[in-house]
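Text of query11.cif, listed as mmCIF, C-alpha atoms and all ligand atoms:
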```
data_entry
loop_
_atom_site.label_atom_id
_atom_site.label_comp_id
_atom_site.auth_asym_id
_atom_site.auth_seq_id
_atom_site.Cartn_x
_atom_site.Cartn_y
_atom_site.Cartn_z
CA MET A 1 230.45 211.14 216.03
CA LYS A 2 228.25 212.15 218.94
CA MET A 3 225.91 215.08 218.49
CA PRO A 4 227.21 218.00 220.55
CA PHE A 5 224.32 218.11 222.96
CA LEU A 6 223.74 221.84 223.10
CA ASN A 7 224.01 222.71 219.41
CA ASN A 8 220.90 221.03 218.12
CA LYS A 9 219.38 223.78 215.97
CA GLN A 10 216.27 221.69 215.40
CA LEU A 11 215.45 221.72 219.08
CA GLU A 12 216.23 225.40 219.48
CA LYS A 13 213.64 226.17 216.82
CA SER A 14 210.88 223.88 218.00
CA PHE A 15 210.61 225.19 221.57
CA HIS A 16 209.67 228.47 223.08
CA TYR A 17 212.01 229.21 225.96
CA PRO A 18 210.34 231.22 228.70
CA GLU A 19 212.18 234.37 229.78
CA ASP A 20 210.11 235.72 232.68
CA ASN A 21 209.74 234.28 236.15
CA ILE A 22 212.36 231.58 235.61
CA PRO A 23 213.05 229.66 238.83
CA GLU A 24 216.66 230.38 239.82
CA HIS A 25 217.05 227.03 241.54
CA ILE A 26 215.28 223.84 240.42
CA ALA A 27 215.53 220.57 242.34
CA ILE A 28 214.50 217.29 240.71
CA ILE A 29 213.62 213.84 242.09
CA MET A 30 214.27 211.66 239.04
CA ASP A 31 211.96 208.74 239.81
CA GLY A 32 210.58 205.95 237.63
CA ASN A 33 213.67 204.51 235.91
CA GLY A 34 213.16 200.97 237.22
CA ARG A 35 209.47 200.97 236.28
CA TRP A 36 210.27 202.33 232.82
CA ALA A 37 212.48 199.29 232.18
CA ARG A 38 210.17 196.71 233.78
CA LYS A 39 207.30 197.91 231.58
CA ARG A 40 209.46 196.92 228.63
CA GLY A 41 210.41 193.57 230.17
CA MET A 42 213.97 194.72 230.79
CA PRO A 43 216.12 194.79 233.94
CA ARG A 44 215.88 197.95 236.10
CA THR A 45 219.47 198.87 235.24
CA VAL A 46 218.42 199.55 231.64
CA GLY A 47 216.11 202.25 233.00
CA HIS A 48 218.92 203.87 235.00
CA LYS A 49 221.13 203.88 231.93
CA GLU A 50 218.34 205.43 229.86
CA GLY A 51 217.96 207.98 232.65
CA ILE A 52 221.33 209.55 231.89
CA SER A 53 220.17 210.76 228.46
CA ALA A 54 217.23 212.46 230.16
CA VAL A 55 219.70 214.13 232.55
CA ALA A 56 221.69 215.45 229.58
CA LYS A 57 218.52 216.80 227.94
CA ILE A 58 217.32 218.57 231.06
CA VAL A 59 220.73 220.09 231.78
CA ARG A 60 220.72 221.44 228.23
CA ALA A 61 217.22 222.89 228.69
CA ALA A 62 218.19 224.46 232.04
CA VAL A 63 221.25 226.11 230.42
CA LYS A 64 219.07 227.54 227.66
CA CYS A 65 216.53 228.91 230.14
CA LYS A 66 219.38 230.47 232.18
CA VAL A 67 218.46 228.57 235.34
CA LYS A 68 221.19 229.29 237.91
CA VAL A 69 221.18 226.08 239.96
CA LEU A 70 219.92 222.58 239.14
CA THR A 71 219.99 220.02 241.96
CA LEU A 72 219.47 216.39 240.96
CA TYR A 73 218.66 213.62 243.46
CA THR A 74 220.85 210.90 241.94
CA PHE A 75 221.41 208.53 244.87
CA SER A 76 219.74 208.62 248.27
CA THR A 77 221.02 207.17 251.54
CA GLU A 78 217.99 204.81 251.33
CA ASN A 79 219.16 203.43 247.95
CA TRP A 80 221.68 201.21 249.81
CA LYS A 81 218.71 198.89 250.55
CA ARG A 82 218.56 197.87 246.87
CA PRO A 83 220.16 194.71 245.47
CA LYS A 84 223.94 194.99 245.38
CA PRO A 85 224.37 194.65 241.58
CA GLU A 86 221.85 197.47 241.04
CA ILE A 87 223.70 199.71 243.51
CA GLU A 88 227.00 199.06 241.80
CA PHE A 89 225.48 199.77 238.40
CA ILE A 90 224.09 203.10 239.59
CA LEU A 91 227.34 204.12 241.26
CA ARG A 92 229.19 203.60 237.96
CA LEU A 93 226.87 205.99 236.13
CA PRO A 94 228.72 209.22 237.03
CA LYS A 95 231.81 207.97 235.17
CA GLU A 96 229.68 206.82 232.26
CA PHE A 97 227.76 210.12 232.12
CA LEU A 98 230.91 212.21 232.30
CA SER A 99 232.78 210.19 229.67
CA ILE A 100 230.03 211.15 227.24
CA TYR A 101 228.95 214.61 228.39
CA LEU A 102 231.83 216.35 230.22
CA PRO A 103 233.06 218.13 227.03
CA ASP A 104 229.56 219.51 226.51
CA LEU A 105 229.25 220.59 230.14
CA LEU A 106 232.58 222.41 229.79
CA SER A 107 231.65 224.17 226.56
CA ASN A 108 228.38 225.25 228.13
CA ASN A 109 230.05 226.80 231.15
CA VAL A 110 228.39 224.35 233.61
CA ARG A 111 229.93 224.03 237.09
CA ILE A 112 229.52 220.68 238.83
CA GLU A 113 229.12 220.42 242.60
CA ALA A 114 228.10 217.57 244.88
CA ILE A 115 226.08 217.45 248.09
CA GLY A 116 225.85 214.44 250.38
CA ASP A 117 228.12 212.03 252.19
CA MET A 118 230.80 211.45 249.55
CA GLU A 119 233.15 209.62 251.93
CA SER A 120 231.22 206.34 252.01
CA LEU A 121 230.99 206.08 248.20
CA PRO A 122 233.28 203.74 246.24
CA ALA A 123 236.50 205.33 244.94
CA TYR A 124 235.41 204.98 241.29
CA THR A 125 232.35 207.15 241.98
CA ARG A 126 234.14 209.72 244.14
CA GLU A 127 237.05 210.10 241.72
CA ALA A 128 234.81 210.59 238.68
CA ILE A 129 232.82 213.30 240.46
CA GLN A 130 235.89 214.98 241.95
CA TYR A 131 237.51 215.10 238.51
CA ALA A 132 234.40 216.80 237.08
CA ILE A 133 234.23 219.24 240.01
CA ASP A 134 237.89 220.17 239.49
CA ARG A 135 237.58 220.53 235.71
CA THR A 136 234.49 222.76 235.93
CA ARG A 137 235.54 224.81 238.99
CA ASP A 138 236.07 228.09 237.07
CA ASN A 139 232.79 227.95 235.14
CA ASP A 140 230.18 230.51 236.12
CA GLY A 141 227.12 229.32 234.19
CA LEU A 142 224.62 226.76 235.45
CA GLN A 143 225.58 225.16 238.76
CA LEU A 144 224.79 221.44 238.52
CA ASN A 145 224.45 220.05 242.02
CA LEU A 146 224.48 216.29 242.36
CA ALA A 147 222.81 214.97 245.49
CA LEU A 148 224.76 211.76 245.94
CA ASN A 149 224.44 209.50 248.95
CA TYR A 150 222.25 212.31 250.21
CA GLY A 151 219.67 212.11 253.00
CA SER A 152 218.10 215.22 254.45
CA ARG A 153 217.65 214.05 258.05
CA HIS A 154 221.28 212.99 258.10
CA GLU A 155 222.22 216.41 256.71
CA ILE A 156 220.23 218.20 259.44
CA LEU A 157 221.69 216.00 262.19
CA ASN A 158 225.17 216.61 260.81
CA ALA A 159 224.50 220.37 260.86
CA MET A 160 223.39 220.10 264.51
CA LYS A 161 226.63 218.38 265.41
CA GLY A 162 228.67 221.08 263.67
CA ILE A 163 226.71 223.76 265.50
CA ILE A 164 227.19 222.12 268.89
CA THR A 165 230.91 221.73 268.22
CA ASP A 166 231.22 225.41 267.27
CA ILE A 167 229.19 226.50 270.29
CA SER A 168 231.40 224.50 272.64
CA ASN A 169 234.49 226.07 271.02
CA ALA A 170 232.90 229.52 271.43
CA LYS A 171 232.98 230.03 267.65
CA LEU A 172 229.21 230.44 267.64
CA SER A 173 226.77 231.89 270.14
CA LEU A 174 223.57 230.02 270.92
CA ASP A 175 221.67 233.30 271.39
CA GLU A 176 222.65 234.57 267.94
CA LEU A 177 221.97 231.30 266.09
CA ASP A 178 219.27 231.96 263.49
CA GLU A 179 217.83 230.26 260.40
CA GLN A 180 220.38 231.81 258.07
CA GLN A 181 223.32 230.62 260.19
CA PHE A 182 221.75 227.19 260.52
CA SER A 183 221.53 226.95 256.71
CA GLY A 184 225.27 227.56 256.60
CA TYR A 185 225.88 224.21 258.30
CA LEU A 186 223.95 222.22 255.67
CA TYR A 187 225.54 220.66 252.57
CA THR A 188 223.74 223.38 250.60
CA ALA A 189 225.53 226.22 252.44
CA GLY A 190 225.65 229.30 250.22
CA ILE A 191 223.09 227.97 247.71
CA LYS A 192 219.72 229.71 247.58
CA ASP A 193 216.74 227.50 248.49
CA PRO A 194 215.03 225.81 245.51
CA ASP A 195 212.21 227.79 243.88
CA LEU A 196 210.76 224.73 242.18
CA LEU A 197 210.79 221.02 242.99
CA ILE A 198 209.97 218.58 240.21
CA ARG A 199 209.25 214.91 240.93
CA THR A 200 208.72 212.49 238.06
CA GLY A 201 207.35 208.95 238.26
CA GLY A 202 203.97 209.57 239.90
CA GLU A 203 204.79 209.48 243.65
CA LYS A 204 203.93 212.53 245.71
CA ARG A 205 206.41 212.58 248.54
CA LEU A 206 209.78 214.09 249.44
CA SER A 207 211.68 210.88 250.23
CA ASN A 208 214.12 212.62 252.59
CA PHE A 209 215.18 215.24 250.01
CA LEU A 210 216.06 218.82 251.09
CA LEU A 211 213.54 218.94 253.98
CA TRP A 212 214.84 222.23 255.38
CA GLN A 213 215.47 223.88 252.01
CA LEU A 214 212.03 223.16 250.50
CA ALA A 215 210.07 225.06 253.17
CA TYR A 216 208.64 227.63 250.68
CA THR A 217 209.33 225.84 247.40
CA GLU A 218 206.66 225.30 244.71
CA PHE A 219 206.08 221.59 243.94
CA TRP A 220 205.37 220.13 240.51
CA PHE A 221 204.56 216.43 240.10
CA THR A 222 204.18 214.38 236.95
CA ASP A 223 203.37 210.73 236.23
CA VAL A 224 205.93 210.73 233.40
CA LEU A 225 208.75 208.29 234.22
CA TRP A 226 212.22 209.89 234.34
CA PRO A 227 213.60 208.30 231.12
CA ASP A 228 210.59 209.76 229.25
CA PHE A 229 210.91 213.20 230.85
CA SER A 230 211.76 215.62 228.08
CA GLU A 231 212.38 219.27 227.38
CA LYS A 232 208.66 219.58 226.63
CA GLU A 233 207.63 218.53 230.17
CA PHE A 234 210.42 220.61 231.69
CA LEU A 235 209.17 223.74 229.89
CA HIS A 236 205.62 222.86 230.94
CA ALA A 237 206.73 222.84 234.59
CA LEU A 238 208.45 226.22 234.12
CA GLU A 239 205.39 227.64 232.42
CA GLU A 240 203.16 226.57 235.28
CA TYR A 241 205.62 227.84 237.86
CA SER A 242 205.66 231.27 236.18
CA GLN A 243 201.89 231.58 236.79
CA ARG A 244 202.08 230.85 240.51
CA LYS A 245 201.99 233.53 243.18
CA ARG A 246 204.52 232.91 245.88
CA ARG A 247 203.80 234.19 249.36
CA TYR A 248 206.49 232.70 251.59
CA GLY A 249 203.97 232.37 254.38
CA GLY A 250 202.77 235.96 254.06
CA ILE A 251 199.54 237.19 252.46
C1 LIG A 301 220.56 207.10 238.13
C2 LIG A 301 218.38 208.74 236.78
C3 LIG A 301 223.69 211.30 235.77
C4 LIG A 301 218.45 208.60 238.28
C5 LIG A 301 219.56 209.32 236.11
C6 LIG A 301 225.25 207.58 241.19
C7 LIG A 301 219.43 207.66 238.92
C8 LIG A 301 220.70 208.34 236.03
C9 LIG A 301 224.61 211.35 236.79
C10 LIG A 301 225.74 212.27 236.90
C11 LIG A 301 222.44 208.71 237.80
C12 LIG A 301 225.82 213.43 236.15
C13 LIG A 301 226.91 214.28 236.25
C14 LIG A 301 227.91 214.00 237.11
C15 LIG A 301 227.87 212.86 237.88
C16 LIG A 301 226.78 212.01 237.78
C17 LIG A 301 224.19 210.34 237.67
C18 LIG A 301 224.11 208.99 239.50
C19 LIG A 301 222.99 208.33 239.01
C20 LIG A 301 224.64 208.69 240.85
F1 LIG A 301 228.97 214.84 237.24
N1 LIG A 301 222.79 210.34 235.98
N2 LIG A 301 223.09 209.74 237.14
N3 LIG A 301 224.71 209.98 238.85
N4 LIG A 301 221.30 208.07 237.32
#
```
Write out the structure in this file as structure tokens.
Amino acid sequence: MKMPFLNNKQLEKSFHYPEDNIPEHIAIIMDGNGRWARKRGMPRTVGHKEGISAVAKIVRAAVKCKVKVLTLYTFSTENWKRPKPEIEFILRLPKEFLSIYLPDLLSNNVRIEAIGDMESLPAYTREAIQYAIDRTRDNDGLQLNLALNYGSRHEILNAMKGIITDISNAKLSLDELDEQQFSGYLYTAGIKDPDLLIRTGGEKRLSNFLLWQLAYTEFWFTDVLWPDFSEKEFLHALEEYSQRKRRYGGI
């Protein structure tokens, strides 16, 4: 039988869960899966598969720390440039992940949401995600946002088009358009901007992720490859975040 992933008493005892200054919204770029596998002489897909256990661990840790929103960059619009078999493997992971972990997500009151262009994904990916969204709709614990086929410039352009359409239909006034209204046209409408961005795998760039939303976000980078990212590193990031003074451009 599978270990229910949130009831591991051993883990609960061995970690100190911070209670003050918890970021309400954490966004994560889960990089380094391919390199993790290559280092072991294995195909990149093995790294992606290993990556789903790290996702489960971090979701569990976020639930325990009472984080409100966790946004994971699972598949970018740029990922279509990869070899076809790798793309197909990745796009089958939602079904694989959910077949193992959906019961645990449900019992932990997690609500699943997706941001990105879902329409151009294969039916097997879309249906798996939609099923999870529907099943978790009434949960009011952690909101788990999956950025899937997501690209931030595309998102901003898409928002622009929506705004222009609404202005031409007189549903919106150009004079009154402000940052808050603009945000309402993004995929992340209604979700507070991330407080903390974590990127694993050593690179220090945004890779077209949440460009508008990360304007005042604190960044935390680690060389640890995503499959090796654990609750320990996650709590380290939270600890460091809690020491930072945020100014939002002020003094
Ligand atoms: C691949 C490492 C979990 C990064 C993690 C196609 C890239 C493993 C999900 C997932 C992916 C979780 C819940 C859910 C749907 C999907 C996932 C993708 C890739 C996108 F409701 N891991 N994971 N989805 N990878």
Residues near Trp80 (chain A), cut-off 12 Å, all atoms listed in the file, skip fewer than 5 positions along chain, as a PyMOL selection string: chain A and resi 75+85-88+90-91+120-121+148-151
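Counting only C-alpha atoms and comparing A:Asn109, A:Gln213, A:Thr200, A:Thr222, the residue that lies closest to Ala54 (chain A) is A:Thr200.
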Distance in Å - CA of Ala215 (chain A) versus CA of Leu197 (chain A):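 CA of Leu197 (chain A) lies 11.0 Å from CA of Ala215 (chain A).
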Test item: residues at most 12 Å from Lys245 (chain A), only C-alpha atoms, excluding those fewer than 2 positions along its chain, as a VMD selection string: chain A and resid 21 195 216 to 218 240 to 243 247 to 251
Nearest-residue call for ligand LIG 301 (chain A), choices A:His154, A:Arg35, A:His25, A:His16, using all atoms listed in the file: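 Under the stated criterion, the closest residue is A:Arg35.
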